[in-house]
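Here's entry_16.cif, which has mmCIF, C-alpha atoms and all ligand atoms:
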data_upload
loop_
_atom_site.label_atom_id
_atom_site.label_comp_id
_atom_site.auth_asym_id
_atom_site.auth_seq_id
_atom_site.Cartn_x
_atom_site.Cartn_y
_atom_site.Cartn_z
CA MET A 1 60.58 -50.81 -69.78
CA LEU A 2 59.22 -51.84 -66.42
CA HIS A 3 59.91 -55.35 -65.24
CA ASN A 4 56.72 -57.39 -64.80
CA GLU A 5 55.68 -61.02 -64.93
CA SER A 6 54.49 -61.03 -68.53
CA LEU A 7 57.77 -59.58 -69.77
CA HIS A 8 60.44 -62.09 -70.76
CA TYR A 9 63.78 -60.31 -70.97
CA LEU A 10 66.30 -62.69 -72.51
CA ASP A 11 68.92 -60.25 -73.77
CA HIS A 12 71.29 -59.98 -70.82
CA ALA A 13 74.39 -60.01 -73.04
CA ALA A 14 73.14 -56.69 -74.47
CA THR A 15 72.53 -55.10 -71.11
CA THR A 16 71.11 -55.83 -67.66
CA MET A 17 68.62 -54.12 -65.38
CA VAL A 18 70.30 -51.97 -62.72
CA HIS A 19 70.07 -53.78 -59.38
CA PRO A 20 67.84 -51.81 -56.97
CA GLN A 21 70.59 -51.78 -54.32
CA VAL A 22 73.03 -50.42 -56.91
CA ALA A 23 70.56 -47.72 -57.99
CA GLN A 24 70.07 -46.71 -54.36
CA MET A 25 73.81 -46.44 -53.75
CA VAL A 26 74.28 -44.37 -56.89
CA TYR A 27 71.48 -42.05 -55.79
CA ASP A 28 72.82 -41.71 -52.25
CA THR A 29 76.33 -41.00 -53.51
CA LEU A 30 75.08 -38.41 -56.00
CA CYS A 31 73.19 -36.61 -53.23
CA GLN A 32 75.75 -36.87 -50.44
CA ASN A 33 79.20 -37.21 -51.96
CA TRP A 34 79.25 -34.77 -54.82
CA ALA A 35 82.55 -33.16 -53.87
CA ASN A 36 85.39 -33.64 -56.34
CA PRO A 37 87.70 -36.49 -55.21
CA SER A 38 90.69 -34.31 -56.17
CA SER A 39 89.69 -31.42 -53.88
CA LEU A 40 91.93 -30.95 -50.87
CA TYR A 41 89.25 -30.16 -48.25
CA GLN A 42 87.35 -32.66 -46.11
CA PRO A 43 84.35 -33.45 -48.43
CA GLY A 44 86.80 -34.00 -51.32
CA TYR A 45 88.84 -36.29 -49.11
CA GLU A 46 85.70 -38.26 -48.27
CA SER A 47 84.92 -38.65 -51.99
CA ARG A 48 88.49 -39.86 -52.56
CA GLN A 49 88.12 -42.42 -49.81
CA LEU A 50 84.87 -43.71 -51.33
CA LEU A 51 86.53 -43.94 -54.74
CA ASP A 52 89.41 -45.95 -53.33
CA LYS A 53 87.01 -48.24 -51.51
CA ALA A 54 85.11 -48.81 -54.75
CA ARG A 55 88.39 -49.55 -56.55
CA ALA A 56 89.33 -52.12 -53.92
CA ALA A 57 85.94 -53.83 -54.24
CA VAL A 58 86.29 -54.19 -58.02
CA ALA A 59 89.93 -55.31 -57.68
CA LYS A 60 88.92 -58.03 -55.21
CA THR A 61 86.74 -59.71 -57.84
CA LEU A 62 89.75 -59.89 -60.17
CA GLY A 63 92.21 -61.02 -57.53
CA ALA A 64 94.22 -57.88 -58.36
CA PRO A 65 95.83 -55.13 -56.25
CA ALA A 66 93.47 -52.15 -55.91
CA GLN A 67 95.98 -49.68 -57.36
CA GLN A 68 96.02 -51.62 -60.64
CA VAL A 69 92.32 -51.05 -61.36
CA PHE A 70 91.25 -47.89 -63.21
CA PHE A 71 87.70 -46.68 -63.72
CA THR A 72 86.65 -46.03 -67.32
CA GLY A 73 83.49 -44.86 -69.08
CA CYS A 74 82.62 -48.31 -70.50
CA GLY A 75 84.04 -51.52 -71.92
CA THR A 76 84.71 -49.87 -75.27
CA GLU A 77 86.85 -47.24 -73.61
CA GLY A 78 88.80 -49.84 -71.62
CA ASN A 79 89.59 -51.82 -74.77
CA ASN A 80 90.66 -48.65 -76.61
CA ILE A 81 92.95 -47.49 -73.80
CA ALA A 82 94.57 -50.92 -73.45
CA ILE A 83 95.14 -51.50 -77.17
CA GLN A 84 96.08 -48.02 -78.34
CA GLY A 85 98.13 -47.48 -75.20
CA ALA A 86 100.09 -50.73 -75.61
CA LEU A 87 100.80 -50.24 -79.32
CA LYS A 88 102.04 -46.68 -78.84
CA VAL A 89 104.92 -47.81 -76.63
CA ARG A 90 105.85 -50.89 -78.68
CA ARG A 91 106.32 -49.21 -82.04
CA SER A 92 110.11 -49.20 -81.87
CA TRP A 93 110.52 -52.99 -81.85
CA ALA A 94 107.17 -54.53 -82.83
CA SER A 95 105.23 -54.74 -86.07
CA ASN A 96 102.27 -57.09 -85.57
CA VAL A 97 99.25 -57.88 -83.38
CA VAL A 98 97.62 -61.30 -83.00
CA VAL A 99 93.87 -61.24 -82.42
CA SER A 100 90.95 -63.65 -82.44
CA GLY A 101 88.70 -63.46 -85.48
CA TYR A 102 85.58 -62.91 -83.39
CA GLU A 103 86.32 -59.88 -81.19
CA HIS A 104 83.77 -57.22 -80.27
CA PRO A 105 84.06 -54.09 -82.49
CA SER A 106 85.63 -52.20 -79.58
CA VAL A 107 88.68 -54.39 -80.26
CA SER A 108 88.37 -55.32 -83.95
CA ALA A 109 87.60 -51.78 -85.17
CA VAL A 110 90.51 -50.34 -83.16
CA LEU A 111 92.83 -52.86 -84.77
CA ARG A 112 91.50 -52.02 -88.23
CA GLN A 113 92.56 -48.43 -87.55
CA MET A 114 95.94 -49.65 -86.36
CA GLU A 115 96.31 -51.60 -89.59
CA GLN A 116 96.00 -48.32 -91.48
CA ASP A 117 98.82 -46.99 -89.32
CA GLY A 118 101.05 -49.82 -90.58
CA TRP A 119 100.53 -52.60 -88.02
CA GLU A 120 100.18 -56.12 -89.39
CA ILE A 121 97.08 -57.75 -87.90
CA ARG A 122 97.20 -61.56 -87.66
CA THR A 123 93.74 -63.00 -87.20
CA ILE A 124 93.08 -66.37 -85.55
CA LEU A 125 89.80 -67.86 -86.73
CA PRO A 126 87.60 -70.11 -84.59
CA ASP A 127 86.63 -73.57 -85.85
CA SER A 128 83.11 -74.28 -87.10
CA GLU A 129 81.93 -74.89 -83.51
CA GLY A 130 83.26 -71.54 -82.28
CA HIS A 131 86.38 -72.83 -80.48
CA LEU A 132 89.70 -71.02 -80.71
CA SER A 133 92.99 -72.89 -80.46
CA ILE A 134 95.61 -71.52 -78.05
CA GLU A 135 98.24 -73.24 -80.24
CA ASP A 136 97.20 -71.04 -83.17
CA PHE A 137 97.80 -67.88 -81.11
CA VAL A 138 101.19 -69.15 -79.98
CA SER A 139 102.24 -70.10 -83.52
CA ALA A 140 101.27 -66.65 -84.82
CA THR A 141 103.27 -64.87 -82.07
CA ASP A 142 106.86 -64.02 -82.92
CA LYS A 143 109.64 -61.62 -81.88
CA GLN A 144 107.78 -58.65 -83.42
CA THR A 145 104.40 -59.29 -81.78
CA ALA A 146 103.40 -56.27 -79.71
CA LEU A 147 100.12 -57.58 -78.41
CA VAL A 148 97.81 -60.59 -78.36
CA CYS A 149 94.10 -59.83 -77.89
CA CYS A 150 91.42 -62.36 -77.09
CA MET A 151 88.06 -62.11 -75.36
CA GLN A 152 87.36 -64.53 -72.52
CA VAL A 153 83.69 -65.18 -73.30
CA ASN A 154 82.32 -64.50 -76.76
CA ASN A 155 79.37 -62.10 -76.72
CA GLU A 156 77.44 -63.82 -79.51
CA ILE A 157 77.80 -67.54 -78.90
CA GLY A 158 79.19 -67.70 -75.34
CA SER A 159 82.27 -69.77 -76.19
CA VAL A 160 85.10 -69.60 -73.65
CA VAL A 161 88.89 -69.28 -73.93
CA ASP A 162 91.24 -70.13 -71.06
CA VAL A 163 92.82 -66.69 -71.28
CA ASN A 164 95.27 -67.07 -68.43
CA GLN A 165 96.68 -70.19 -70.08
CA LEU A 166 96.76 -68.34 -73.41
CA ALA A 167 98.73 -65.50 -71.79
CA ARG A 168 101.15 -67.93 -70.15
CA ARG A 169 101.87 -69.67 -73.44
CA VAL A 170 102.26 -66.40 -75.37
CA LYS A 171 104.76 -65.13 -72.80
CA GLU A 172 106.79 -68.33 -73.03
CA LYS A 173 107.16 -67.56 -76.73
CA ASN A 174 107.82 -63.83 -76.33
CA PRO A 175 107.96 -62.31 -72.83
CA ARG A 176 107.74 -58.78 -74.31
CA THR A 177 104.36 -59.42 -75.95
CA GLY A 178 101.45 -57.89 -74.06
CA VAL A 179 98.22 -59.86 -73.60
CA HIS A 180 94.94 -57.98 -73.52
CA VAL A 181 91.68 -59.68 -72.59
CA ASP A 182 88.18 -58.33 -73.10
CA GLY A 183 86.41 -59.73 -70.06
CA VAL A 184 83.14 -57.84 -70.53
CA GLN A 185 80.96 -60.95 -70.97
CA ALA A 186 82.94 -63.04 -68.51
CA TRP A 187 83.28 -60.82 -65.46
CA LEU A 188 81.50 -62.14 -62.35
CA ARG A 189 80.18 -65.05 -64.41
CA MET A 190 83.24 -67.22 -64.35
CA PRO A 191 86.56 -67.16 -62.48
CA VAL A 192 89.59 -65.50 -63.97
CA SER A 193 93.20 -65.20 -62.86
CA MET A 194 95.35 -62.18 -63.66
CA GLU A 195 98.55 -64.19 -63.17
CA TYR A 196 99.80 -63.75 -66.77
CA ILE A 197 97.30 -61.29 -68.27
CA ASP A 198 98.54 -57.70 -68.77
CA SER A 199 95.25 -55.89 -69.25
CA TYR A 200 91.61 -56.86 -68.69
CA THR A 201 88.44 -54.90 -69.46
CA VAL A 202 85.09 -55.03 -67.65
CA SER A 203 81.85 -53.08 -68.10
CA GLY A 204 79.17 -52.11 -65.58
CA HIS A 205 75.99 -52.46 -67.57
CA LYS A 206 76.48 -56.19 -68.21
CA VAL A 207 76.49 -56.87 -64.45
CA HIS A 208 73.54 -54.81 -63.13
CA ALA A 209 75.41 -51.51 -62.74
CA PRO A 210 74.52 -48.46 -64.89
CA LYS A 211 75.72 -47.81 -68.41
CA GLY A 212 78.62 -45.35 -68.51
CA ILE A 213 81.04 -47.04 -66.12
CA GLY A 214 83.64 -49.75 -66.55
CA ALA A 215 87.08 -50.65 -65.31
CA LEU A 216 90.44 -51.60 -66.75
CA TYR A 217 92.99 -53.75 -64.95
CA LEU A 218 96.64 -53.15 -65.83
CA ARG A 219 99.34 -55.42 -64.44
CA GLU A 220 101.83 -53.63 -62.22
CA GLY A 221 104.80 -52.50 -64.30
CA TYR A 222 102.96 -53.00 -67.60
CA HIS A 223 103.83 -50.09 -69.84
CA ILE A 224 101.17 -48.28 -71.87
CA GLN A 225 100.76 -44.72 -73.09
CA PRO A 226 97.07 -43.90 -72.59
CA PRO A 227 95.45 -42.11 -75.54
CA PHE A 228 93.88 -39.27 -73.48
CA ALA A 229 95.74 -36.39 -71.89
CA GLY A 230 94.24 -34.31 -69.12
CA GLY A 231 94.26 -33.65 -65.42
CA GLY A 232 95.99 -36.87 -64.40
CA GLN A 233 93.09 -38.70 -62.80
CA GLU A 234 93.13 -42.49 -62.51
CA LYS A 235 96.88 -42.45 -62.12
CA GLY A 236 98.50 -45.72 -61.10
CA LYS A 237 101.86 -47.16 -60.30
CA THR A 238 102.09 -48.66 -63.76
CA ALA A 239 104.97 -47.35 -65.85
CA GLY A 240 104.28 -44.45 -68.20
CA GLN A 241 101.23 -43.21 -66.36
CA GLN A 242 102.23 -39.69 -65.38
CA GLN A 243 99.24 -38.40 -67.31
CA GLY A 244 96.73 -40.81 -65.74
CA VAL A 245 95.18 -43.87 -67.37
CA ARG A 246 91.81 -42.18 -67.79
CA PRO A 247 91.97 -38.48 -67.07
CA GLY A 248 88.71 -36.62 -66.40
CA THR A 249 86.92 -35.97 -63.12
CA GLU A 250 85.91 -39.35 -61.77
CA ASN A 251 82.28 -40.52 -61.90
CA LEU A 252 82.24 -41.36 -58.22
CA ALA A 253 78.55 -42.32 -57.97
CA TYR A 254 78.82 -44.80 -60.83
CA ALA A 255 82.13 -46.14 -59.55
CA VAL A 256 80.42 -46.81 -56.21
CA GLY A 257 77.54 -48.43 -58.14
CA LEU A 258 79.99 -50.61 -60.05
CA ALA A 259 81.61 -51.67 -56.81
CA LYS A 260 78.24 -52.58 -55.31
CA ALA A 261 77.29 -54.62 -58.39
CA ALA A 262 80.72 -56.30 -58.25
CA ALA A 263 80.29 -57.24 -54.60
CA LEU A 264 76.77 -58.58 -55.15
CA GLY A 265 77.79 -60.51 -58.27
CA TYR A 266 80.96 -61.90 -56.72
CA LYS A 267 79.15 -63.16 -53.63
CA SER A 268 76.47 -64.95 -55.63
CA SER A 269 78.50 -66.10 -58.64
CA GLN A 270 78.41 -69.86 -57.92
CA GLU A 271 74.72 -69.81 -57.03
CA ARG A 272 74.04 -67.75 -60.14
CA TRP A 273 76.02 -70.15 -62.35
CA ASN A 274 74.03 -73.12 -61.05
CA ARG A 275 70.73 -71.37 -61.54
CA VAL A 276 71.50 -70.14 -65.06
CA ALA A 277 72.93 -73.56 -66.01
CA GLY A 278 69.59 -75.13 -65.02
CA LEU A 279 67.70 -72.64 -67.18
CA ASN A 280 70.10 -73.25 -70.07
CA ARG A 281 69.47 -77.02 -69.86
CA GLN A 282 65.73 -76.40 -70.04
CA LEU A 283 66.23 -74.04 -72.98
CA ARG A 284 68.46 -76.42 -74.94
CA GLN A 285 66.08 -79.30 -74.30
CA GLY A 286 63.05 -77.30 -75.44
CA LEU A 287 64.74 -75.97 -78.56
CA LYS A 288 66.17 -79.39 -79.52
CA GLU A 289 62.62 -80.57 -80.08
CA ILE A 290 61.97 -77.92 -82.76
CA PRO A 291 62.56 -79.50 -86.18
CA GLY A 292 65.07 -77.74 -88.38
CA LEU A 293 66.52 -75.45 -85.70
CA VAL A 294 70.32 -75.59 -85.29
CA PHE A 295 72.57 -74.57 -82.39
CA ASN A 296 75.41 -72.13 -82.98
CA SER A 297 76.74 -72.11 -79.39
CA PRO A 298 79.05 -74.99 -78.53
CA GLU A 299 78.03 -77.41 -75.75
CA ASP A 300 80.71 -75.96 -73.45
CA ALA A 301 79.62 -72.33 -73.88
CA VAL A 302 78.75 -70.31 -70.77
CA PRO A 303 75.15 -70.99 -69.69
CA GLU A 304 74.17 -67.33 -70.14
CA VAL A 305 74.31 -67.39 -73.94
CA LEU A 306 72.58 -69.67 -76.41
CA ASN A 307 72.72 -68.81 -80.10
CA VAL A 308 70.52 -70.72 -82.53
CA SER A 309 69.41 -70.44 -86.16
CA THR A 310 65.87 -71.25 -87.26
CA MET A 311 67.14 -71.79 -90.85
CA CYS A 312 63.85 -70.48 -92.19
CA ILE A 313 62.84 -67.10 -90.66
CA LYS A 314 64.98 -63.98 -90.87
CA SER A 315 66.34 -62.97 -87.46
CA GLU A 316 64.68 -59.56 -87.46
CA THR A 317 61.28 -60.94 -88.47
CA MET A 318 61.42 -63.49 -85.67
CA LEU A 319 62.67 -60.88 -83.22
CA HIS A 320 59.60 -58.70 -83.89
CA PHE A 321 57.25 -61.72 -83.74
CA LEU A 322 58.65 -62.51 -80.28
CA GLU A 323 58.50 -58.86 -79.28
CA GLN A 324 54.70 -58.90 -79.73
CA ARG A 325 54.67 -61.43 -76.89
CA GLN A 326 57.00 -59.34 -74.77
CA ILE A 327 59.85 -61.77 -75.37
CA TYR A 328 63.07 -59.88 -75.96
CA VAL A 329 66.04 -61.59 -77.59
CA SER A 330 68.71 -60.37 -79.97
CA SER A 331 69.54 -61.11 -83.58
CA GLY A 332 73.28 -61.06 -82.82
CA SER A 333 75.27 -58.73 -80.66
CA ALA A 334 73.35 -55.60 -79.64
CA CYS A 335 75.94 -53.45 -81.44
CA SER A 336 75.53 -55.17 -84.79
CA LYS A 337 71.91 -53.92 -85.14
CA GLY A 338 70.90 -56.51 -87.69
CA ALA A 339 74.24 -56.58 -89.53
CA SER A 340 75.52 -60.10 -90.09
CA SER A 341 77.30 -61.63 -87.14
CA PRO A 342 81.11 -61.31 -87.13
CA THR A 343 81.35 -64.43 -84.98
CA LEU A 344 79.22 -66.70 -87.16
CA GLN A 345 81.02 -65.32 -90.19
CA ALA A 346 84.41 -66.16 -88.63
CA MET A 347 83.09 -69.69 -87.94
CA GLY A 348 82.34 -70.07 -91.66
CA ALA A 349 78.56 -70.30 -91.17
CA SER A 350 76.32 -70.23 -94.26
CA ALA A 351 74.45 -67.03 -95.21
CA LEU A 352 71.14 -68.69 -94.22
CA ARG A 353 72.50 -69.65 -90.83
CA MET A 354 73.69 -66.09 -90.19
CA ASP A 355 70.49 -64.47 -91.50
CA THR A 356 68.27 -66.58 -89.24
CA ALA A 357 70.34 -66.48 -86.04
CA LEU A 358 68.96 -65.52 -82.64
CA ARG A 359 70.92 -64.90 -79.45
CA ILE A 360 69.09 -65.76 -76.25
CA SER A 361 70.99 -64.55 -73.20
CA LEU A 362 69.95 -65.43 -69.68
CA GLY A 363 70.22 -63.75 -66.30
CA ALA A 364 69.78 -65.09 -62.79
CA GLU A 365 66.40 -63.36 -62.52
CA ASN A 366 64.98 -65.36 -65.44
CA THR A 367 62.49 -68.08 -64.62
CA SER A 368 61.38 -71.37 -66.06
CA GLN A 369 58.32 -69.51 -67.44
CA ASP A 370 60.62 -67.21 -69.43
CA ILE A 371 62.29 -70.25 -70.97
CA GLN A 372 58.97 -71.87 -71.82
CA ALA A 373 57.75 -68.61 -73.36
CA VAL A 374 60.75 -68.27 -75.68
CA VAL A 375 60.69 -71.94 -76.73
CA ASP A 376 56.95 -71.73 -77.51
CA GLY A 377 57.43 -68.35 -79.18
CA ILE A 378 60.16 -69.58 -81.52
CA ARG A 379 58.23 -72.75 -82.37
CA GLU A 380 55.04 -70.82 -83.14
CA GLY A 381 56.98 -68.12 -84.95
CA MET A 382 58.56 -70.72 -87.23
CA GLN A 383 55.14 -72.24 -88.01
CA THR A 384 53.23 -68.96 -88.45
CA LEU A 385 55.86 -67.00 -90.34
CA ALA A 386 56.81 -69.91 -92.58
CA LYS A 387 53.13 -70.20 -93.63
CA ILE A 388 52.97 -66.46 -94.42
CA SER A 389 56.12 -66.53 -96.52
CA GLY A 390 54.69 -69.55 -98.36
N1 LIG B 401 83.22 -56.27 -75.27
C1 LIG B 401 82.22 -57.16 -75.32
C2 LIG B 401 82.55 -58.61 -75.40
C3 LIG B 401 80.89 -56.74 -75.30
O1 LIG B 401 79.91 -57.64 -75.35
C4 LIG B 401 80.63 -55.35 -75.22
C5 LIG B 401 79.25 -54.85 -75.24
O2 LIG B 401 78.34 -55.49 -75.74
C6 LIG B 401 81.71 -54.46 -75.14
C7 LIG B 401 83.00 -54.95 -75.17
C8 LIG B 401 81.51 -52.98 -75.05
O3 LIG B 401 81.11 -52.64 -73.76
P1 LIG B 401 80.38 -51.22 -73.51
O4 LIG B 401 78.99 -51.38 -74.03
O5 LIG B 401 80.44 -51.05 -72.03
O6 LIG B 401 81.15 -50.21 -74.25
#
So, in terms of structure tokens, how does the structure I just supplied come out?
Ligand code: PLP
Amino acid sequence: MLHNESLHYLDHAATTMVHPQVAQMVYDTLCQNWANPSSLYQPGYESRQLLDKARAAVAKTLGAPAQQVFFTGCGTEGNNIAIQGALKVRRSWASNVVVSGYEHPSVSAVLRQMEQDGWEIRTILPDSEGHLSIEDFVSATDKQTALVCCMQVNNEIGSVVDVNQLARRVKEKNPRTGVHVDGVQAWLRMPVSMEYIDSYTVSGHKVHAPKGIGALYLREGYHIQPPFAGGGQEKGKTAGQQQGVRPGTENLAYAVGLAKAAALGYKSSQERWNRVAGLNRQLRQGLKEIPGLVFNSPEDAVPEVLNVSTMCIKSETMLHFLEQRQIYVSSGSACSKGASSPTLQAMGASALRMDTALRISLGAENTSQDIQAVVDGIREGMQTLAKISG
């Protein structure tokens, strides 16, 4: 898919276009720095130095020490390492996990597996507007809680949780409880502090780096037993990491690409926020004027994501109607592929609301014309398709 003026890409929560400067750095690194970072001769040493520089650049965006950031293959992998790794070392004293009811499958499916292994999973549901209550997490945490998991920005409706505050409150209740945050949709879009959080996942392809690279932050001294065994790569100072957090020869070129995307995104984050917020206002205003359409994203959601339901046209039908006009949106999260939305379900939405939902997700490169195109497209889609279906 080549980017051109008649294409309206409004699915940035699914993935983003690789930034040309990132692509160039990946290419240059692949061509010039292909030596293994673990090799003991000069080119290997140079690769190691580049890897450490990339690590420091990612760590800077999290306000974390460089040695506490570990490269992973993707967000899914980061979530798996953090959750499986934390539960493995807490088995002797803990029996339950507290988790939000609207996590991405890379968290919720892992915990379903853990449930089969005997863990009790305590789910905190959002209210009908998509807000989670920190009090509910704290009340559900007790002396046997191994881990609390909560995403910072929801991938389907864009609602936000103050995760540092959540972690602080959980630790007041039980200092041994770990707090894991999926920051995939939040990273570089809004500030975050690692003051109380134990582990935090990010992913490259949501921030204009390639697919196949991500990073996991682990607080210094936080004890996990990573699920993979191997050559010891991505070893940190964190306890229990003799085997490396993510063994396997490092993907240096993509790590360098991730670092470049991080630096670009970090530098422009305020400007980006302002720009996307302006586009979101235009979008909300335009969609408000369409009779019958309802908003699923709360007013205080991040500006990148706006989820609506037409209440008359099935999501997939509308998606293909818009596609004919080169307008690309999603019917939920990209992973759900048409399955009903776990987030809207957790919010107690009606079947009709879930079946007719659309997620529009914005990027800084979107324009006012893109917004106009999607508003017109949805309005015309509702008129045309409603007539066809009688
Ligand atoms: N967490 C959230 C909130 C996501 O939105 C996604 C991807 O959509 C992931 C995790 C998984 O990230 P990745 O695609 O890098 O595995």
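If you measure from each of A:Trp187, A:Phe295, A:Tyr200, A:Trp119 to Ala146 of chain A using all atoms listed in the file, the closest one turns out to be A:Trp119.
Distance check against Leu306 of chain A using all atoms listed in the file: of A:Arg168, A:Arg90, A:His223, A:Arg284, the minimum falls on A:Arg284.
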Within 9 Å of ligand LIG 401 (chain B) (only C-alpha atoms and all ligand atoms), residues as number ranges by chain: A: 13-15, 73-79, 103-107, 151-156, 182-186, 201-206, 211-214, 333-335
Resulting file, chosen residues, C-alpha atoms, as an mmCIF file, in the frame of the given file:
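Everything below was put into part09.cif:
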data_model
loop_
_atom_site.group_PDB
_atom_site.id
_atom_site.type_symbol
_atom_site.label_atom_id
_atom_site.label_comp_id
_atom_site.auth_asym_id
_atom_site.auth_seq_id
_atom_site.Cartn_x
_atom_site.Cartn_y
_atom_site.Cartn_z
ATOM 1 C CA ALA A 13 74.390 -60.010 -73.040
ATOM 2 C CA ALA A 14 73.140 -56.690 -74.470
ATOM 3 C CA THR A 15 72.530 -55.100 -71.110
ATOM 4 C CA GLY A 73 83.490 -44.860 -69.080
ATOM 5 C CA CYS A 74 82.620 -48.310 -70.500
ATOM 6 C CA GLY A 75 84.040 -51.520 -71.920
ATOM 7 C CA THR A 76 84.710 -49.870 -75.270
ATOM 8 C CA GLU A 77 86.850 -47.240 -73.610
ATOM 9 C CA GLY A 78 88.800 -49.840 -71.620
ATOM 10 C CA ASN A 79 89.590 -51.820 -74.770
ATOM 11 C CA GLU A 103 86.320 -59.880 -81.190
ATOM 12 C CA HIS A 104 83.770 -57.220 -80.270
ATOM 13 C CA PRO A 105 84.060 -54.090 -82.490
ATOM 14 C CA SER A 106 85.630 -52.200 -79.580
ATOM 15 C CA VAL A 107 88.680 -54.390 -80.260
ATOM 16 C CA MET A 151 88.060 -62.110 -75.360
ATOM 17 C CA GLN A 152 87.360 -64.530 -72.520
ATOM 18 C CA VAL A 153 83.690 -65.180 -73.300
ATOM 19 C CA ASN A 154 82.320 -64.500 -76.760
ATOM 20 C CA ASN A 155 79.370 -62.100 -76.720
ATOM 21 C CA GLU A 156 77.440 -63.820 -79.510
ATOM 22 C CA ASP A 182 88.180 -58.330 -73.100
ATOM 23 C CA GLY A 183 86.410 -59.730 -70.060
ATOM 24 C CA VAL A 184 83.140 -57.840 -70.530
ATOM 25 C CA GLN A 185 80.960 -60.950 -70.970
ATOM 26 C CA ALA A 186 82.940 -63.040 -68.510
ATOM 27 C CA THR A 201 88.440 -54.900 -69.460
ATOM 28 C CA VAL A 202 85.090 -55.030 -67.650
ATOM 29 C CA SER A 203 81.850 -53.080 -68.100
ATOM 30 C CA GLY A 204 79.170 -52.110 -65.580
ATOM 31 C CA HIS A 205 75.990 -52.460 -67.570
ATOM 32 C CA LYS A 206 76.480 -56.190 -68.210
ATOM 33 C CA LYS A 211 75.720 -47.810 -68.410
ATOM 34 C CA GLY A 212 78.620 -45.350 -68.510
ATOM 35 C CA ILE A 213 81.040 -47.040 -66.120
ATOM 36 C CA GLY A 214 83.640 -49.750 -66.550
ATOM 37 C CA SER A 333 75.270 -58.730 -80.660
ATOM 38 C CA ALA A 334 73.350 -55.600 -79.640
ATOM 39 C CA CYS A 335 75.940 -53.450 -81.440
#
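Minimum atom-to-atom distances from A:Ile290, A:Leu188, A:Val308, A:Ala229 to Ser268 of chain A were compared using only C-alpha atoms, and the lowest value belongs to A:Leu188.
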Could you build a table of the residues in segment 181-294 of chain A lying no more than 8 Å from segment 31-49 of chain A, giving for each the nearest pair of atoms and their separation in Å rounded to one decimal place, using only C-alpha atoms, ordered by chain and ascending residue number, as JSON lines?
{"residue": "A:Thr249", "atom": "CA", "partner": "A:Asn36", "partner_atom": "CA", "distance": 7.3}
{"residue": "A:Glu250", "atom": "CA", "partner": "A:Pro37", "partner_atom": "CA", "distance": 7.4}
{"residue": "A:Leu252", "atom": "CA", "partner": "A:Ser47", "partner_atom": "CA", "distance": 7.3}
{"residue": "A:Ala253", "atom": "CA", "partner": "A:Asn33", "partner_atom": "CA", "distance": 7.9}
Restricted to C-alpha atoms, what would the selected residues look like written as a PDB file, in the coordinates of the input?
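File written: part.pdb
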ATOM      1  CA  THR A 249      86.920 -35.970 -63.120  1.00  0.00           C
ATOM      2  CA  GLU A 250      85.910 -39.350 -61.770  1.00  0.00           C
ATOM      3  CA  LEU A 252      82.240 -41.360 -58.220  1.00  0.00           C
ATOM      4  CA  ALA A 253      78.550 -42.320 -57.970  1.00  0.00           C
TER       5      ALA A 253
END
Looking at A:Arg169, A:Lys267, A:Arg325, A:Arg219, which one is nearest to Val374 of chain A, with distances taken over all atoms listed in the file? A:Arg325
Segment 63-68 of chain A surroundings by all atoms listed in the file, 10 Å radius, close-in-sequence under 3 positions cut, as a list in words: Asp52, Lys53, Ala54, Arg55, Ala56, Ala57, Val58, Ala59, Lys60, Pro191, Val192, Ser193, Met194, Glu195, Ser199, Leu216, Tyr217, Leu218, Arg219, Glu220, Gly221, Tyr222, Glu234, Lys235, Gly236, Lys237 and Thr238 of chain A
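Across A:Ala82, A:Leu166, A:Val22, A:Leu10, the tightest approach to Val375 of chain A is made by A:Leu10 when counting all atoms listed in the file.
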Shell of 12 Å around Gln345 of chain A, only C-alpha atoms, local chain residues under 4 positions omitted, as JSON, numbers by chain: {"A": [101, 102, 103, 125, 126, 127, 128, 129, 130, 156, 157, 296, 332, 339, 340, 341, 349, 350, 351, 352, 353, 354, 355, 357]}
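The shortest atom-to-atom distance to Val163 of chain A, with only C-alpha atoms taken into account, belongs to A:Met190 out of A:Val89, A:Met190, A:Val26, A:Val294.
Atom to atom, atom CA of Gly377 of chain A and atom CA of Glu365 of chain A stand 19.6 Å apart.
Counting only C-alpha atoms, segment 313-316 of chain A has the following residues at most 10 Å away, ignoring those fewer than 5 positions along the same chain: Phe321, Leu322, Val329, Ser330, Ser331, Gly332, Lys337, Gly338, Ser340, Leu352, Arg353, Met354, Asp355, Thr356, Ala357, Leu358, Arg359, Ile378, Gly381, Met382, Gln383, Leu385, Ala386 and Ser389 of chain A.
Atom CA of Gly292 of chain A to atom CA of Leu344 of chain A spans 18.0 Å [interatomic distance, one decimal].
The spacing separating atom CA of Gln233 of chain A from atom CA of Asn251 of chain A amounts to 11.0 Å.
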Axis-aligned box over every listed atom of segment 365-370 of chain A, padded by 6 Å per side: centre and edges in Å to one decimal, as JSON?
{"center_x": 62.4, "center_y": -67.4, "center_z": -66.0, "size_x": 20.1, "size_y": 20.0, "size_z": 18.9}
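Residues in contact with Arg275 of chain A at up to 12 Å, not including ones fewer than 5 positions away on its chain and judged by all atoms listed in the file, are Arg189, Ser268, Ser269, Gln270, Asn280, Arg281, Gln282, Pro303, Glu304, Leu362, Gly363, Ala364, Glu365, Asn366, Thr367 and Ser368 of chain A.
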